[in-house]
Each structure stands twice: as C-alpha cells, then as structure tokens.
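With compact mmCIF, C-alpha atoms inside, this is final.txt:
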# COMPACT_ATOMS: atom_id res chain seq x y z
CA MET A 13 7.65 21.20 3.21
CA PRO A 14 5.80 22.88 0.28
CA ALA A 15 2.32 24.28 0.75
CA PRO A 16 -0.45 22.23 -0.82
CA SER A 17 -1.53 23.60 -4.17
CA PRO A 18 -5.15 24.65 -4.60
CA SER A 19 -7.19 22.03 -6.35
CA VAL A 20 -8.23 22.78 -9.90
CA PRO A 21 -11.89 22.05 -10.56
CA SER A 22 -12.34 19.23 -13.01
CA ARG A 23 -14.19 20.01 -16.25
CA ARG A 24 -16.67 17.19 -16.36
CA ILE A 25 -19.70 17.30 -18.58
CA ASP A 26 -22.97 16.13 -17.10
CA ALA A 27 -23.92 12.74 -18.55
CA ASP A 28 -27.62 13.67 -18.74
CA PHE A 29 -26.77 16.79 -20.77
CA VAL A 30 -24.73 14.68 -23.22
CA ARG A 31 -27.68 12.34 -23.63
CA LEU A 32 -29.96 15.30 -24.40
CA ILE A 33 -27.56 16.47 -27.10
CA GLU A 34 -27.52 12.93 -28.54
CA GLY A 35 -31.29 13.02 -29.05
CA TYR A 36 -32.61 11.64 -25.78
CA SER A 37 -35.59 13.37 -24.21
CA LEU A 38 -37.40 13.10 -20.91
CA THR A 39 -39.96 10.33 -21.29
CA THR A 40 -42.81 9.55 -18.92
CA ALA A 41 -44.86 6.36 -19.09
CA GLU A 42 -48.08 5.68 -17.24
CA ILE A 43 -48.24 1.91 -16.79
CA LEU A 44 -51.54 0.27 -15.90
CA TYR A 45 -51.14 -3.24 -14.58
CA ARG A 46 -53.33 -5.87 -13.00
CA MET A 47 -52.95 -6.55 -9.29
CA PRO A 48 -51.43 -10.03 -8.83
CA ASP A 49 -53.89 -11.04 -6.08
CA HIS A 50 -56.93 -9.31 -7.63
CA PRO A 51 -56.63 -9.42 -11.45
CA LEU A 52 -59.83 -7.42 -11.97
CA LEU A 53 -58.27 -4.37 -10.26
CA LEU A 54 -55.87 -2.06 -12.08
CA GLN A 55 -52.98 -0.20 -10.46
CA THR A 56 -50.99 2.73 -11.91
CA TYR A 57 -47.19 3.03 -11.98
CA LEU A 58 -45.40 6.13 -13.33
CA TRP A 59 -41.99 5.60 -14.94
CA GLN A 60 -39.69 8.42 -16.01
CA ASP A 61 -36.25 8.35 -17.65
CA TYR A 62 -34.34 9.75 -20.62
CA ASP A 63 -35.15 7.83 -23.79
CA GLN A 64 -35.07 8.18 -27.59
CA ALA A 65 -38.38 8.71 -29.37
CA PRO A 66 -40.03 7.15 -31.34
CA TYR A 67 -38.53 3.71 -30.60
CA PHE A 68 -38.02 4.08 -26.81
CA PRO A 69 -35.33 1.41 -26.25
CA VAL A 70 -34.93 2.21 -22.52
CA LEU A 71 -38.68 1.90 -21.90
CA LYS A 72 -38.84 -1.34 -23.88
CA ARG A 73 -36.03 -2.82 -21.74
CA PHE A 74 -37.91 -1.79 -18.60
CA LEU A 75 -41.17 -3.33 -19.84
CA ALA A 76 -39.34 -6.55 -20.79
CA PHE A 77 -37.90 -6.67 -17.25
CA TRP A 78 -41.41 -6.06 -15.86
CA GLU A 79 -42.96 -8.92 -17.81
CA LYS A 80 -40.09 -11.27 -16.95
CA SER A 81 -39.62 -10.48 -13.25
CA LEU A 82 -42.84 -9.01 -11.80
CA ASP A 83 -46.18 -10.68 -11.15
CA GLY A 84 -48.55 -7.87 -12.21
CA ARG A 85 -49.59 -8.33 -15.86
CA LEU A 86 -49.42 -5.22 -18.01
CA HIS A 87 -52.75 -3.80 -19.15
CA ALA A 88 -51.84 -0.52 -20.92
CA VAL A 89 -48.88 1.83 -21.32
CA THR A 90 -49.27 5.52 -22.20
CA VAL A 91 -46.07 7.32 -23.25
CA VAL A 92 -45.31 11.06 -23.33
CA SER A 93 -41.96 12.46 -24.46
CA SER A 94 -40.64 16.01 -24.63
CA ARG A 95 -37.38 17.37 -25.98
CA LEU A 96 -35.80 19.53 -23.30
CA VAL A 97 -32.95 20.98 -25.36
CA ARG A 98 -34.02 22.32 -28.73
CA PRO A 99 -33.57 25.46 -30.80
CA ARG A 100 -35.73 28.38 -29.81
CA GLU A 101 -38.01 30.14 -32.25
CA LEU A 102 -37.39 33.81 -32.90
CA ARG A 103 -40.09 36.14 -34.16
CA MET A 104 -39.86 39.82 -34.92
CA ALA A 105 -42.14 42.09 -32.91
CA GLN A 106 -44.98 43.52 -34.96
CA SER A 107 -45.41 46.61 -32.80
CA LEU A 108 -43.89 48.45 -29.85
CA SER A 109 -46.10 50.03 -27.21
CA TYR A 110 -45.33 52.16 -24.17
CA LEU A 111 -47.39 52.31 -21.00
CA HIS A 112 -47.13 55.60 -19.02
Starting from the file, give its structure as structure tokens.
Amino acid sequence: MPAPSPSVPSRRIDADFVRLIEGYSLTTAEILYRMPDHPLLLQTYLWQDYDQAPYFPVLKRFLAFWEKSLDGRLHAVTVVSSRLVRPRELRMAQSLSYLH
C-alpha cells in the first residue's frame, strides 16, 4: 500500500482582496431610523461592507431591503468610504539628521 502523498496547499485568492482590486472599498453607513412603536425617537444602526463609490450599489440594495422588509422608517443615512488598497506616495527626504 503506497504512503499518502503530502497535500499541496491550494492557491486560492481571497475574494475580498479581488474586490478591492476591482475598485471596491470599505464603506460604513450610519443609518438613523424611527422606532416602529415610538416614531418620535430615532435609533442608530451601523452598516459596513465592501462597496463601490460613488454609486454604492450594495448599500442601495440593503436600504431597499430595509424599506421593503423592516418596520422602522429611515430618517437619514451618512456614508463614509475609504480605499484600502491604493498606490503609496513617495517623497524624497529634504534633509538627513543624526542624533548622538
């Protein structure tokens, strides 16, 4: 009976990394909504996912689901997005100093 061969690690690429390369960025939305039982009170919900600025299709799908399926009416949505993978800036040093 032959000895089992060592397993070769698979070369899978992380799906989130691929999305970052395709232009997605980490997006956070602060959603203020009215309490269903007390419409004068506002509640906060934080949502975070990878999305494409400036159109935010993933966030728009989530908000459409919210309005269709949940009782709390939306009051305001604040969106913040940041590119995580981007070229770095290089600058030449203007001076070189030594301490001690």
Could you tell me how far CA of Gln64 in chain A sits from CA of Glu34 in chain A, in Å to one decimal place?
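According to the coordinates, CA of Glu34 in chain A and CA of Gln64 in chain A are separated by 9.0 Å.
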Which residues are near Met47 in chain A? Cut-off 10 Å, all atoms listed in the file, ignore same chain within fewer than 2 positions. Put them as a ChimeraX atom specification.
/A:44-45,49-56,83-86
With only C-alpha atoms as the atoms that count, which of A:Ser107, A:Leu32, A:Pro48, A:Thr39 lies nearest to Leu82 in chain A?
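Looking at the shortest contact to Leu82 in chain A, the residue is A:Pro48.
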From the options A:Arg46, A:Leu108, A:Ile33, A:Leu38, which residue's atoms come nearest to Leu71 in chain A, counting all atoms listed in the file?
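Closest candidate: A:Leu38.
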Go ahead and fit an axis-aligned box to every listed atom of range 56-59 of chain A plus 8 Å each side, and pass me the centre and edge lengths in Å, one decimal, as AutoDock Vina command-line options.
--center_x -46.5 --center_y 4.4 --center_z -13.4 --size_x 25.0 --size_y 19.4 --size_z 19.0
